[in-house]
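The block underneath contains the structure these notes are about, expressed in structure tokens.
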Amino acid sequence: MKQVADRETTEILKIAQECLSVPGDFIELGCYEGDTSLLLAELLQNRGGSEVSYAPESQKELWIYDSFEGLPAKTAEDESVAGKDFQEGVLFVTKREVKQRFLRANLKVPHIKKAWFADLTDDDLPKQISFAFLDGDLYQSIKDSFKAIDGKMSPESVIIVHDYNNPELPGVTKAVDEWLSRTKHKLAIKDSLAIIKVY
Ligand SMILES: C[S@@+](CC[C@H](N)C(=O)[O-])C[C@H]1O[C@@H](n2cnc3c(N)ncnc32)[C@H](O)[C@@H]1O
């Protein structure tokens, strides 16, 4: 099932395109079935559709991450009546299924890492990042995502976090606000996207 609304996808791709001129690779933490990852890969391979105009083929690489075991358990920060569907183990997909989608679409297979975000080390991530999409749904997952990309975002790069201000997933907003309060980066909000421009 589609996790990101069409309007949000259009915005994500527009911003990712702007990041093509910023040094560093693209990453997505929480790829699930790879819907957004496939579109980012198309953008990097100059294979997109008509909604945004696409740049010549890029040398940038795409790195995508997931537990491939579904969501971890919630913590107290995630509790909400509205979000009762987001339980441990839901959103399960295998790494193989995601890889097959790239092969079937005739797209270059990205770096696909199966791991809990908390266990990612420097070696699992690109040295420099120009665009990061964080879509881990839960408080600790978003906190761990910020930790993983810490010190790797280029100046003028962008971090987009999905589900900001989503009443079903209150932990996301909490994790973003806590992280932002320790930085000077600027936040813009569009639908449920927290769009953070890194300085
Ligand atoms: C909403 S889905 C992602 C949707 C995807 N970005 C898209 O555009 O279709 C959230 C994903 O994050 C993964 N996830 C959440 N927390 C995680 C964690 N702490 N470590 C690894 N994966 C995690 C889940 O397994 C799930 O596949």
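The chains in the structure tokens are called A, B, ... from first to last as shown; in each chain the residues are counted from 1, and the ligands are counted from 1 in the order shown.
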**Message:** Using only C-alpha atoms and all ligand atoms, which residues have at least one atom no more than 8 Å from ligand 1? Output them as a VMD selection string.
**Reply:** chain A and resid 2 to 4 28 to 37 65 to 72 89 to 93 114 to 118 133 to 138 140 to 142 144 to 145
**Asked** If we count only C-alpha atoms, what is near region 151-163 of chain A at a cut-off of 7 Å, once residues fewer than 3 positions away on the same chain are taken out, given as a list in words?
**Response** Cys19, Val22, Pro23, Gly24, Lys127, Gln128, Ile129, Ser130, Phe131, Ala132, Phe133, Leu134, Asp135, Asp137, Asn166, Leu169, Val172, Ser192, Leu193, Ala194, Ile195, Ile196, Lys197, Val198 and Tyr199 of chain A
I need the residues in region 76-179 of chain A that are helix (DSSP H, G or I) according to DSSP; give them as a compact mmCIF listing (two decimals) with N, CA, C and O atoms, in the first residue's frame.
```txt
# COMPACT_ATOMS: atom_id res chain seq x y z
N ALA A 76 7.02 5.35 24.34
CA ALA A 76 5.94 6.18 24.91
C ALA A 76 5.64 7.40 24.04
O ALA A 76 4.49 7.83 23.92
N GLU A 77 6.67 7.93 23.37
CA GLU A 77 6.50 9.13 22.54
C GLU A 77 5.57 8.89 21.36
O GLU A 77 5.07 9.83 20.74
N ASP A 78 5.38 7.64 20.98
CA ASP A 78 4.58 7.32 19.79
C ASP A 78 3.11 7.04 20.10
O ASP A 78 2.31 6.87 19.19
N LYS A 95 14.09 -7.65 1.49
CA LYS A 95 15.08 -6.93 0.70
C LYS A 95 15.05 -7.44 -0.75
O LYS A 95 15.18 -6.67 -1.70
N ARG A 96 14.85 -8.74 -0.89
CA ARG A 96 14.82 -9.34 -2.22
C ARG A 96 13.69 -8.76 -3.08
O ARG A 96 13.88 -8.44 -4.25
N GLU A 97 12.52 -8.60 -2.46
CA GLU A 97 11.37 -8.04 -3.20
C GLU A 97 11.69 -6.62 -3.70
O GLU A 97 11.33 -6.26 -4.81
N VAL A 98 12.35 -5.84 -2.84
CA VAL A 98 12.66 -4.46 -3.23
C VAL A 98 13.70 -4.47 -4.36
O VAL A 98 13.55 -3.77 -5.37
N LYS A 99 14.71 -5.32 -4.23
CA LYS A 99 15.73 -5.41 -5.29
C LYS A 99 15.09 -5.81 -6.62
O LYS A 99 15.40 -5.24 -7.67
N GLN A 100 14.16 -6.76 -6.57
CA GLN A 100 13.47 -7.21 -7.80
C GLN A 100 12.73 -6.07 -8.48
O GLN A 100 12.65 -6.02 -9.70
N ARG A 101 12.18 -5.17 -7.70
CA ARG A 101 11.43 -4.05 -8.31
C ARG A 101 12.37 -3.17 -9.15
O ARG A 101 11.99 -2.69 -10.21
N PHE A 102 13.58 -2.96 -8.67
CA PHE A 102 14.55 -2.17 -9.44
C PHE A 102 14.94 -2.91 -10.72
O PHE A 102 15.03 -2.33 -11.79
N LEU A 103 15.16 -4.20 -10.59
CA LEU A 103 15.57 -5.00 -11.76
C LEU A 103 14.45 -5.00 -12.81
O LEU A 103 14.71 -4.79 -14.00
N ARG A 104 13.21 -5.19 -12.35
CA ARG A 104 12.08 -5.22 -13.28
C ARG A 104 11.90 -3.87 -13.99
O ARG A 104 11.51 -3.81 -15.14
N PHE A 117 18.08 1.09 12.14
CA PHE A 117 18.81 2.36 11.98
C PHE A 117 19.83 2.58 13.11
O PHE A 117 20.89 3.14 12.90
N ALA A 118 19.47 2.12 14.32
CA ALA A 118 20.37 2.32 15.47
C ALA A 118 21.70 1.60 15.28
O ALA A 118 22.70 1.96 15.91
N ASP A 119 21.71 0.57 14.42
CA ASP A 119 22.93 -0.23 14.26
C ASP A 119 23.79 0.24 13.08
O ASP A 119 24.84 -0.36 12.80
N ASP A 122 29.24 4.32 10.27
CA ASP A 122 29.75 5.22 9.22
C ASP A 122 29.95 4.49 7.89
O ASP A 122 29.68 5.03 6.83
N ASP A 123 30.42 3.25 7.97
CA ASP A 123 30.70 2.48 6.74
C ASP A 123 29.44 2.15 5.94
O ASP A 123 29.52 1.82 4.77
N ASP A 124 28.30 2.21 6.59
CA ASP A 124 27.05 1.87 5.89
C ASP A 124 26.48 3.04 5.11
O ASP A 124 25.51 2.87 4.37
N TYR A 139 9.30 7.64 16.80
CA TYR A 139 10.22 8.56 17.50
C TYR A 139 11.67 8.08 17.46
O TYR A 139 12.55 8.77 16.96
N GLN A 140 11.90 6.88 17.97
CA GLN A 140 13.29 6.41 18.08
C GLN A 140 13.89 6.19 16.68
O GLN A 140 15.08 6.42 16.47
N SER A 141 13.07 5.79 15.73
CA SER A 141 13.56 5.55 14.36
C SER A 141 14.03 6.86 13.72
O SER A 141 15.05 6.89 13.03
N ILE A 142 13.29 7.93 13.96
CA ILE A 142 13.69 9.23 13.39
C ILE A 142 14.92 9.75 14.13
O ILE A 142 15.86 10.26 13.51
N LYS A 143 14.94 9.59 15.44
CA LYS A 143 16.14 10.00 16.20
C LYS A 143 17.38 9.26 15.69
O LYS A 143 18.43 9.85 15.47
N ASP A 144 17.24 7.95 15.51
CA ASP A 144 18.38 7.14 15.03
C ASP A 144 18.77 7.55 13.61
O ASP A 144 19.94 7.49 13.24
N SER A 145 17.78 7.96 12.81
CA SER A 145 18.08 8.39 11.43
C SER A 145 18.91 9.67 11.46
O SER A 145 19.89 9.81 10.71
N PHE A 146 18.50 10.62 12.30
CA PHE A 146 19.29 11.87 12.41
C PHE A 146 20.72 11.55 12.86
O PHE A 146 21.67 12.13 12.35
N LYS A 147 20.83 10.62 13.79
CA LYS A 147 22.16 10.26 14.29
C LYS A 147 23.00 9.67 13.16
O LYS A 147 24.19 9.98 13.01
N ALA A 148 22.37 8.84 12.32
CA ALA A 148 23.11 8.18 11.24
C ALA A 148 23.65 9.19 10.22
O ALA A 148 24.73 9.01 9.67
N ILE A 149 22.89 10.26 9.97
CA ILE A 149 23.32 11.22 8.93
C ILE A 149 24.13 12.38 9.52
O ILE A 149 24.60 13.24 8.78
N PRO A 170 2.79 10.75 16.46
CA PRO A 170 3.28 11.95 17.16
C PRO A 170 4.77 11.92 17.46
O PRO A 170 5.40 12.96 17.64
N GLY A 171 5.36 10.74 17.51
CA GLY A 171 6.79 10.64 17.82
C GLY A 171 7.66 11.27 16.75
O GLY A 171 8.77 11.75 17.05
N VAL A 172 7.17 11.32 15.53
CA VAL A 172 7.97 11.91 14.43
C VAL A 172 8.16 13.40 14.70
O VAL A 172 9.29 13.93 14.65
N THR A 173 7.08 14.09 15.00
CA THR A 173 7.14 15.53 15.26
C THR A 173 8.07 15.81 16.44
O THR A 173 8.91 16.71 16.40
N LYS A 174 7.93 15.00 17.46
CA LYS A 174 8.76 15.17 18.66
C LYS A 174 10.25 15.01 18.32
O LYS A 174 11.08 15.83 18.72
N ALA A 175 10.56 13.99 17.56
CA ALA A 175 11.97 13.74 17.22
C ALA A 175 12.53 14.87 16.35
O ALA A 175 13.67 15.32 16.54
N VAL A 176 11.73 15.36 15.41
CA VAL A 176 12.19 16.44 14.53
C VAL A 176 12.40 17.72 15.36
O VAL A 176 13.44 18.38 15.25
N ASP A 177 11.42 18.05 16.20
CA ASP A 177 11.52 19.29 16.98
C ASP A 177 12.72 19.25 17.93
O ASP A 177 13.44 20.24 18.08
N GLU A 178 12.94 18.10 18.54
CA GLU A 178 14.09 17.99 19.45
C GLU A 178 15.39 18.19 18.69
O GLU A 178 16.29 18.90 19.14
N TRP A 179 15.49 17.56 17.53
CA TRP A 179 16.73 17.66 16.74
C TRP A 179 16.93 19.10 16.25
O TRP A 179 18.03 19.64 16.36
```
**Prompt:** Residues at most 9 Å from Glu11 (chain A), counting only C-alpha atoms, excluding those fewer than 5 positions away in the same chain, as a list in words?
**Reply:** Asp6, Ala16, Lys190 and Leu193 of chain A
Based on the selection just made, write N, CA, C and O atoms of those residues as a CSV table (one decimal), in the first residue's frame.
```
chain,number,residue,atom,x,y,z
A,6,ASP,N,0.5,11.4,-3.2
A,6,ASP,CA,1.0,11.8,-4.5
A,6,ASP,C,1.6,13.3,-4.4
A,6,ASP,O,2.6,13.5,-5.0
A,16,ALA,N,14.4,17.0,-4.4
A,16,ALA,CA,15.5,16.1,-4.7
A,16,ALA,C,16.2,16.6,-6.0
A,16,ALA,O,17.4,16.6,-6.1
A,190,LYS,N,5.2,21.2,4.5
A,190,LYS,CA,4.3,21.1,3.4
A,190,LYS,C,3.6,19.8,3.6
A,190,LYS,O,4.2,18.7,3.6
A,193,LEU,N,5.2,16.8,5.3
A,193,LEU,CA,6.7,16.8,5.1
A,193,LEU,C,7.3,17.9,5.9
A,193,LEU,O,6.9,19.1,5.8
```
**Request:** Output as a VMD selection string all residues of region 37-174 of chain A that backbone DSSP marks as strand (DSSP E).
**Result:** chain A and resid 62 to 66 111 to 114 129 to 134 153 to 162
